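To start, the structure itself, in structure tokens.
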Amino acid sequence: MLTILRKEINEFLDSLIAYVVMGVFLVGIGLLIWIFPSTSVLEYGYASLDTLFGLGPYVLMFLIPAVTMKSFAEEKKAGTLELLYTLPFRHYEIILGKFLAGFLLVIVSILPTLIYYFTLSALGNPTGNLDTPGIIGSYVGLILLGGVFTAVGILASALTQNQIVSFITSAFLCYFLYSGFSSIAEFGGAQADAIDQWGILFHYSSMSRGVIDGTDLAYFFGLGFFLILLTNLIMKRR
């Protein structure tokens with residue numbers, strides 16, 4: 001697994017994809033927090049990172065599929081997947097190696113946004129006037145959400161050898177898992193709360209309040225495990 005992980009990371013670093021994804025994410029979030037009048041904290045007049053944690057998931061649901069779309073699709077198209085299977089790796093080791101490489105890239109993209117926390121903390125009146133527990137919970141939620149989106153991207157890439165199809169499928173699934181259940185819950189009547197809890201948004205919002213509950217952690221880890229397991233089953237059938 002570590003061999004696959006190193007191989008994937010080296011491929012990311014040797015291409016422009018990793019740098020473009022990190023650059024677009026950081027620049028985009030920076031513009032939303034500081035520049036655009038409708039979302040700027042300078043216009044809002046309140047020291048908060050709600051813009052990062054509110055819009056960050058929507059940015060990630062397009063950037064992460066761009067990273068993961070080639071994971072298996074490119075291997076199939078180039079005919080190197082069969083060669084990979086001749087090496088002494090189990091299916092799950094190949095999948096986990098590709099997943100961890102993408103997940104690490106997501107974490108590396110998110111961590112630099114900590115500078116926004118320290119900047120807002122210094123600008124606050126009084127200094128440090130921030131909801132730190134809520135921000136910590138939001139960061140944990142954003143990283144776990146990035147892990148689930150990465151698992152979705154790996155699954156979508158395993159379903160096709162066309163990278164564009166993989167990207168579109170992954171982006172759609174990420175959006176549906178994030179906010180689709182909340183939209184369905186609006187028409188769920190008495191079952192609305194139960195339906196809402198199936199979606200990522202419910203658990204992500206809960207963690208954003210600074211309460212890192214075991215139920216929310218179990219949801220993210222369970223969903224990620226299920227997606228990786230499903231990818232493993234698909235690749236075994238192939």
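Letters A, B, ... mark the chains of the structure tokens in the order given; residue numbers begin at 1 per chain; ligand numbers begin at 1, in order shown.
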Quick one: which region 118-163 of chain A residues come within 7 Å of region 60-84 of chain A, and what is the nearest atom pair for each with the distance in Å to one decimal, counting only C-alpha atoms, rows ordered by chain and ascending number, as a Markdown table?
```
| residue | atom | partner | partner_atom | distance |
| --- | --- | --- | --- | --- |
| A:Phe149 | CA | A:Met61 | CA | 6.7 |
| A:Thr150 | CA | A:Ile64 | CA | 6.2 |
| A:Gly153 | CA | A:Thr68 | CA | 5.2 |
| A:Ile154 | CA | A:Thr68 | CA | 5.8 |
| A:Ser157 | CA | A:Ala73 | CA | 5.2 |
| A:Ala158 | CA | A:Phe72 | CA | 5.3 |
| A:Thr160 | CA | A:Ala73 | CA | 5.7 |
| A:Gln161 | CA | A:Ala73 | CA | 3.8 |
| A:Asn162 | CA | A:Ala73 | CA | 5.8 |
| A:Gln163 | CA | A:Met69 | CA | 5.3 |
```
Neighbours of Ala156 (chain A) within 8 Å (only C-alpha atoms; same-chain residues fewer than 4 positions away dropped), as a PyMOL selection string? chain A and resi 69+152+160+166-167+169-170
Selection export as a tab-separated table (two decimals), in the first residue's frame, atoms kept: N, CA and C atoms:
```
chain	number	residue	atom	x	y	z
A	69	MET	N	-10.24	11.78	-10.70
A	69	MET	CA	-10.86	11.22	-11.90
A	69	MET	C	-9.93	10.29	-12.69
A	152	VAL	N	-15.49	9.01	-2.82
A	152	VAL	CA	-16.47	9.08	-3.91
A	152	VAL	C	-15.75	9.18	-5.26
A	160	THR	N	-15.47	3.70	-14.70
A	160	THR	CA	-15.32	4.06	-16.10
A	160	THR	C	-13.85	4.26	-16.45
A	166	SER	N	-15.95	10.21	-15.27
A	166	SER	CA	-15.59	10.03	-13.85
A	166	SER	C	-15.77	11.33	-13.09
A	167	PHE	N	-15.31	12.44	-13.66
A	167	PHE	CA	-15.43	13.75	-13.00
A	167	PHE	C	-16.89	14.13	-12.78
A	169	THR	N	-19.59	12.19	-12.77
A	169	THR	CA	-20.24	11.25	-11.84
A	169	THR	C	-19.85	11.56	-10.40
A	170	SER	N	-18.57	11.81	-10.20
A	170	SER	CA	-18.07	12.09	-8.86
A	170	SER	C	-18.65	13.39	-8.32
```
Let me make sure I understand: among A:Tyr58, A:Tyr178, A:Phe12, A:Phe226, which one has the smallest atom-to-atom distance to Phe25 (chain A) if we use only C-alpha atoms?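 Between A:Tyr58, A:Tyr178, A:Phe12, A:Phe226, the residue approaching Phe25 (chain A) most closely is A:Tyr58.
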